[in-house]
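Asks: Next up is a structure, given as structure tokens.
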Amino acid sequence: MNAVIRLEDIHKTYHTGDVDVHAVRGVSTGIESGEFAAIMGASGSGKSTLMNIIGCLDRPTAGRYLLDGMDVSQLGRDELADIRNQKIGFIFQGFNLLSRTSALENVELPMLYHGGHLSGRKQRQRALAALELVGLADRADHHPNQLSGGQQQRVAIARALVNQPALLLADEPTGNLDSMTSVEIMGVFQKLNDQGITIVMVTHELDIARYTRRNLIMRDGRLVSDVRVEDRLQAEAELLRLREAQKEVQLTL
Amino acid sequence: MMRLLATIKIAVRALLRNKMRTLLTMLGMIIGVAAVIATVSIGNGAKAQIEAQIASIGQNVVLVFSGSFTRGGTRSGWGGAGTLTVEDSEAIQREIPGVVVISPEVRTRVQIAAGGENWNTQILGESANYFDIRQWPIISGAPFTEQDVRTANKVAVIGKTVADELYPGEDPVGQVVRVKNVPFIIVGMLTPKGLSVQGADQDDLIVMPYTSAMKRVQKATMLGMILVQVAKPTLLNTVQQQVIDLLRQKHKITPDKDDDFTVRTQQEIAEMAAAQSRTMRLLLGAIAMVSLVVGGIGIMNIMLVSVTERTREIGIRMAIGARGGDILLQFLTEAVTLGVLGGGLGIGAGIGASRLLAVQMNWPILIPPEWVFYAFVFSALVGIFFGFYPARKASRLDPIDALRYE
């Protein structure tokens with residue numbers, strides 16, 4: 001019973017006008033605690049819809065979804081909000097930080113909606129600890145527009161971590177980043193995963209998926225492939241290699 | 001509690017982000033509330049002055065007005081010196097128990113002169129008790145006496161305005177004033193009262209014995225009215241009825257005919273004034289409502305814009321775990337803050353404007369503290385009422401759609 005995610009024949013149908021769109025048609029799988037999985041697929045494959053269901057932003061039309069042992073497929077809006085707050089940490093492609101709000105306050109945000117009340121000082125401590133974990137403790141007072149894309153995404157990761165969720169959910173986390181920063185962010189994920197944090201991410205970039213441990217590929221609303229990553233990339237080594245390559249380019253110039 | 005405090009912080013910060021917009025939105029509330037406070041203060045001041053004026057009629061006073069009379073088809077109004085006689089007043093004094101003193105009154109406007117100056121003013125013929133009944137003391141000199149009344153002596157008491165016009169820079173007491181070419185000696189000057197609520201100068205008059213006024217000035221035999229002072233307030237209604245009965249009998253009015261006079265107690269006059277100020281207050285209330293609704297619509301408008309503008313923020317907050325209720329509270333707090341802040345500033349502006357009017361225009365201003373409180377509570381209610389729809393709209397957004405919103 002240490003499955004974080006248990007999907008049983010999940011269906012999702014959208015009613016748009018006269019036609020019904022079957023975005024997800026029967027997905028069954030499980031994600032164990034401590035896994036690092038990438039859901040992949042072309043656009044329109046249903047991966048984003050599946051992601052929204054896993055993230056408790058949406059409910060499946062049919063099927064059962066157990067999150068951390070709890071059936072969440074039939075919960076109401078408020079209960080889903082609480083689940084999102086306590087069990088899931090979200091990381092988005094566009095970072096989605098609140099502008100004109102400091103990094104620290106952005107990280108404190110999920111605790112604002114947390115049922116168990118923490119004192120302001122406690123909240124601050126926890127937010128700072130989360131920022132430290134992603135290596136941004138010294139930028140706590142910076143506003144998002146004073147941070148680079150990679151730094152913003154780190155703040156977003158800290159925000160996702162602050163309520164100690166069962167699951168980290170990342171939707172195209174490297175989509176808005178250059179290749180170097182993408183590897184850096186994947187490094188952060190790998191480090192967190194090594195500490196035992198379960199991570200599920202959606203990506204369409206094959207090389208990014210190679211930093212994870214498991215790849216699930218979707219097509220036409222169905223899971224078509226579910227494989228362990230054999231030739232897993234280590235972000236740290238990869239970063240070194242990239243930096244060397246960059247130096248060489250600079251030398252030749 | 002923590003959550004509420006944090007929500008208020010978020011709301012205030014959101015408002016500070018668009019200072020100009022916040023200020024303009026609040027302007028509706030500010031102007032509305034300020035107008036309410038100022039008008040209520042003016043109305044209250046006027047009411048207090050009317051009350052003071054009614055009190056200045058005297059204590060426990062019943063007024064008997066002469067009825068209208070018809071002369072050549074023209075009807076005079078009340079107090080038109082038609083139907084009351086000196087005998088009527090003597091009968092009231094003599095026959096009705098509980099009557100302390102009376103003052104028969106005649107009024108007329110005449111041109112008066114003294115030295116090189118002349119002036120048109122009101123002549124009041126009264127008894128020597130008039131100054132007691134009206135509780136209107138003499139500031140210098142002395143009032144005329146009962147002896148003066150009996151002999152229709154040529155003495156008079158002068159109002160401040162007339163004194164200033166006829167004897168600028170001089171003491172009027174002891175001077176001679178010519179009323180219709182009859183020389184009167186001024187024996188005293190009345191304490192100045194200033195303007196009445198209606199703006200009439202209450203010091204523009206001369207008071208003399210009613211006998212003198214009737215014989216020497218007006219050449220009339222009828223009274224305009226009779227002031228009757230009774231011993232205590234509980235007697236007012238009894239005396240009123242007794243006066244009516246007595247005068248009907250004396251005037252030989254058969255039961256099928258109407259009175260040819262009118263009797264009013266001071267209370268009745270006060271009630272009439274109160275009814276007037278009630279109407280006034282109702283009108284003010286209506287104006288207040290309209291201005292606050294306009295202010296509220298302004299808040300609603302800007303809150304709708306704010307919700308649309310911040311759809312993405314709402315999406316982020318929801319994804320992170322904000323419930324619909326949290327979002328509702330956040331935007332409602334923002335609207336209420338707008339309302340309360342606008343209301344607070346409006347109260348300040350209203351009090352400021354009232355003070356300014358009091359100082360600059362010399363208006364009687366009374367700022368009612370309970371209205372300040374009402375205005376404050378009401379602006380908060382306006383914020384809640386007009387903020388609710390936008391806030392609910394925000395709280396019902398779908399997190400996925402909201403996150404996708406550009």
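Letters A, B, ... go to the chains of the structure tokens in the order shown; residues in each chain start at 1; ligands are counted from 1 in the same order.
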Show me a table, sorted first by chain and then by increasing residue number, of the residues of chain B having an atom at most 7 Å from chain A, each with its shortest atom pair and the distance in Å to one decimal, counting only C-alpha atoms and written as a tab-separated table.
Replies:
```
residue	atom	partner	partner_atom	distance
B:Arg3	CA	A:Leu112	CA	6.4
B:Glu313	CA	A:Leu98	CA	6.6
B:Ile316	CA	A:Asn96	CA	6.5
B:Met318	CA	A:Ala81	CA	6.8
B:Ala319	CA	A:Arg84	CA	6.6
B:Ile320	CA	A:Asn85	CA	5.4
B:Gly321	CA	A:Asn85	CA	3.9
B:Ala322	CA	A:Tyr113	CA	5.6
B:Arg323	CA	A:Asp78	CA	5.3
B:Gly324	CA	A:Asp78	CA	6.9
B:Pro399	CA	A:Leu57	CA	6.6
B:Ile400	CA	A:Leu57	CA	6.5
```
Asks: How would the residues just chosen look if you wrote them out with N, CA and C atoms as a short mmCIF file (atom, residue, chain, number, x, y, z; two decimals), in the first residue's frame?
Replies:
```
data_model
loop_
_atom_site.label_atom_id
_atom_site.label_comp_id
_atom_site.auth_asym_id
_atom_site.auth_seq_id
_atom_site.Cartn_x
_atom_site.Cartn_y
_atom_site.Cartn_z
N ARG B 3 -5.73 33.55 8.97
CA ARG B 3 -6.13 33.51 7.58
C ARG B 3 -6.81 34.81 7.17
N GLU B 313 -3.91 34.77 -11.47
CA GLU B 313 -3.57 34.72 -10.04
C GLU B 313 -4.56 33.83 -9.30
N ILE B 316 -3.70 30.28 -9.98
CA ILE B 316 -2.53 29.84 -9.20
C ILE B 316 -2.95 29.54 -7.77
N MET B 318 -5.82 28.78 -6.60
CA MET B 318 -6.67 27.59 -6.52
C MET B 318 -5.84 26.32 -6.67
N ALA B 319 -4.90 26.34 -7.61
CA ALA B 319 -4.06 25.16 -7.82
C ALA B 319 -3.27 24.85 -6.55
N ILE B 320 -2.87 25.88 -5.86
CA ILE B 320 -2.06 25.72 -4.65
C ILE B 320 -2.91 25.27 -3.47
N GLY B 321 -4.22 25.38 -3.60
CA GLY B 321 -5.08 24.85 -2.54
C GLY B 321 -6.07 25.83 -1.94
N ALA B 322 -6.23 27.01 -2.60
CA ALA B 322 -7.25 27.94 -2.11
C ALA B 322 -8.62 27.40 -2.46
N ARG B 323 -9.51 27.40 -1.49
CA ARG B 323 -10.89 27.00 -1.77
C ARG B 323 -11.62 28.17 -2.42
N GLY B 324 -12.78 27.86 -2.99
CA GLY B 324 -13.61 28.94 -3.54
C GLY B 324 -13.86 30.01 -2.48
N PRO B 399 -10.21 26.17 -11.97
CA PRO B 399 -8.76 26.39 -11.86
C PRO B 399 -8.01 26.13 -13.16
N ILE B 400 -8.42 25.14 -13.92
CA ILE B 400 -7.69 24.83 -15.16
C ILE B 400 -7.83 25.98 -16.16
#
```
Asks: At a cut-off of 10 Å, using only C-alpha atoms, what residues contact Ala288 in chain B? Leave out same-chain residues fewer than 6 positions from it and give the result as a PyMOL selection string.
Replies: chain B and resi 32-37+39-40+282+294+375
Asks: Please write the residues from the selection above to a file, keeping N, CA and C atoms, as a short mmCIF file (atom, residue, chain, number, x, y, z; two decimals), in the first residue's frame.
Replies:
```
data_model
loop_
_atom_site.label_atom_id
_atom_site.label_comp_id
_atom_site.auth_asym_id
_atom_site.auth_seq_id
_atom_site.Cartn_x
_atom_site.Cartn_y
_atom_site.Cartn_z
N GLY B 32 -20.00 60.64 -1.81
CA GLY B 32 -21.32 60.27 -1.29
C GLY B 32 -21.39 60.43 0.21
N VAL B 33 -20.45 59.81 0.90
CA VAL B 33 -20.47 59.84 2.36
C VAL B 33 -20.25 61.26 2.87
N ALA B 34 -19.33 61.99 2.23
CA ALA B 34 -19.06 63.37 2.65
C ALA B 34 -20.33 64.20 2.51
N ALA B 35 -21.03 64.02 1.39
CA ALA B 35 -22.27 64.78 1.18
C ALA B 35 -23.29 64.45 2.26
N VAL B 36 -23.38 63.16 2.57
CA VAL B 36 -24.34 62.75 3.60
C VAL B 36 -23.99 63.40 4.94
N ILE B 37 -22.73 63.27 5.33
CA ILE B 37 -22.32 63.82 6.63
C ILE B 37 -22.56 65.34 6.67
N THR B 39 -24.64 67.23 4.80
CA THR B 39 -26.05 67.63 4.79
C THR B 39 -26.72 67.29 6.12
N VAL B 40 -26.37 66.15 6.67
CA VAL B 40 -26.98 65.78 7.95
C VAL B 40 -26.53 66.77 9.04
N LEU B 282 -35.83 62.43 5.68
CA LEU B 282 -36.18 61.41 4.70
C LEU B 282 -35.53 61.73 3.36
N VAL B 294 -24.41 54.71 -6.07
CA VAL B 294 -23.51 55.08 -7.17
C VAL B 294 -22.07 54.70 -6.82
N ALA B 375 -22.70 55.94 8.72
CA ALA B 375 -22.03 56.11 7.43
C ALA B 375 -20.93 55.07 7.28
#
```
Asks: Contacts of range 132-135 of chain A at 10 Å or less, counting only C-alpha atoms, minus same-chain residues fewer than 4 places along, as an MDAnalysis selection string?
Replies: chainID A and resid 126:128 139:140 151 153:158 161 185 188:189 191:192
Asks: Point out the residue among A:Ser73, A:Asn145, A:Thr181, A:Gln123 with the least atom-to-atom distance to Pro60 in chain A, counting only C-alpha atoms.
Replies: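 Closest to Pro60 in chain A, using only C-alpha atoms: A:Ser73.
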Asks: As a VMD selection string, please: all residues of range 92-218 of chain A that backbone DSSP puts in strand (DSSP E or B).
Replies: chain A and resid 167 to 171 199 to 203 214 to 218
Asks: Which residues are near Val21 in chain A? Cut-off 12 Å, only C-alpha atoms, ignore same chain within fewer than 4 positions. Put them as a list in words.
Replies: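 In the requested form, the answer reads His11, Lys12, Thr13, Tyr14, His15, Thr16, Gly17, Arg25, Gly44, Ser45, Gly46, Thr49, Thr61, Asp220 and Gly221 of chain A.
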Asks: So which one's closest to Leu131 in chain A, A:Leu242, A:Ala237, A:Leu147, A:Leu104? Using only C-alpha atoms, please.
Replies: A:Leu104
Asks: Hey, what's within 8 Å of Leu397 in chain B if we count only C-alpha atoms and toss same-chain stuff fewer than 4 positions away? As a VMD selection string, please?
Replies: chain B and resid 314 to 315 393 401 to 402
Asks: With N, CA and C atoms retained, could you export that selection as a PDB file, in the first residue's frame?
Replies:
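So out.pdb came out as:
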```pdb
ATOM      1  N   ILE B 314      -5.838  33.976  -9.657  1.00  0.00           N
ATOM      2  CA  ILE B 314      -6.871  33.156  -9.010  1.00  0.00           C
ATOM      3  C   ILE B 314      -6.594  31.683  -9.290  1.00  0.00           C
ATOM      4  N   GLY B 315      -6.228  31.389 -10.557  1.00  0.00           N
ATOM      5  CA  GLY B 315      -5.904  30.015 -10.943  1.00  0.00           C
ATOM      6  C   GLY B 315      -4.745  29.467 -10.125  1.00  0.00           C
ATOM      7  N   LYS B 393     -18.020  35.508  -8.585  1.00  0.00           N
ATOM      8  CA  LYS B 393     -17.598  35.157  -9.934  1.00  0.00           C
ATOM      9  C   LYS B 393     -16.172  34.602  -9.883  1.00  0.00           C
ATOM     10  N   ASP B 401      -9.085  26.457 -16.335  1.00  0.00           N
ATOM     11  CA  ASP B 401      -9.319  27.577 -17.255  1.00  0.00           C
ATOM     12  C   ASP B 401      -8.589  28.822 -16.785  1.00  0.00           C
ATOM     13  N   ALA B 402      -8.642  29.052 -15.470  1.00  0.00           N
ATOM     14  CA  ALA B 402      -8.034  30.257 -14.915  1.00  0.00           C
ATOM     15  C   ALA B 402      -6.521  30.239 -15.113  1.00  0.00           C
TER      16      ALA B 402
END
```
Asks: Rounded to one decimal, what separation in Å do you get between CA of Met218 in chain A and CA of Gly34 in chain A?
Replies: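 So the answer is 22.0 Å.
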Asks: Quick one, how far is CA of Val177 in chain B from CA of Ile112 in chain B?
Replies: 6.9 Å
Asks: Give me, as a PyMOL selection string, all polymer residues having an atom no more than 12 Å from Pro97 in chain B, counting only C-alpha atoms and skipping those fewer than 6 positions away in the same chain.
Replies: chain B and resi 91+228-232+235-236+238-240+242-243
Asks: Check the DSSP output for the backbone and give back, as a PyMOL selection string, the residues of range 317-398 of chain B in helix (DSSP H, G or I).
Replies: chain B and resi 317-320+324-360+369-395
Asks: Nearest to Ser33 in chain A: which of A:Glu108, A:Glu184, A:Asp138, A:Asp68 is it, counting only C-alpha atoms?
Replies: A:Asp68
Asks: Any idea what's packed within 6 Å of range 362-373 of chain B, counting only C-alpha atoms, ignoring anything in its chain fewer than 5 positions away? Could you give it as an mmCIF file with N, CA and C atoms, in the first residue's frame?
Replies:
```cif
data_model
loop_
_atom_site.group_PDB
_atom_site.id
_atom_site.type_symbol
_atom_site.label_atom_id
_atom_site.label_comp_id
_atom_site.auth_asym_id
_atom_site.auth_seq_id
_atom_site.Cartn_x
_atom_site.Cartn_y
_atom_site.Cartn_z
ATOM 1 N N SER B 41 -25.266 67.170 8.967
ATOM 2 C CA SER B 41 -24.767 68.129 9.952
ATOM 3 C C SER B 41 -25.504 69.457 9.824
ATOM 4 N N ILE B 42 -25.710 69.900 8.578
ATOM 5 C CA ILE B 42 -26.419 71.161 8.365
ATOM 6 C C ILE B 42 -27.863 71.027 8.844
ATOM 7 N N ASN B 44 -29.066 68.952 10.974
ATOM 8 C CA ASN B 44 -29.092 68.814 12.429
ATOM 9 C C ASN B 44 -28.922 70.157 13.121
ATOM 10 N N GLY B 45 -28.012 70.955 12.567
ATOM 11 C CA GLY B 45 -27.777 72.278 13.121
ATOM 12 C C GLY B 45 -29.037 73.125 13.022
#
```
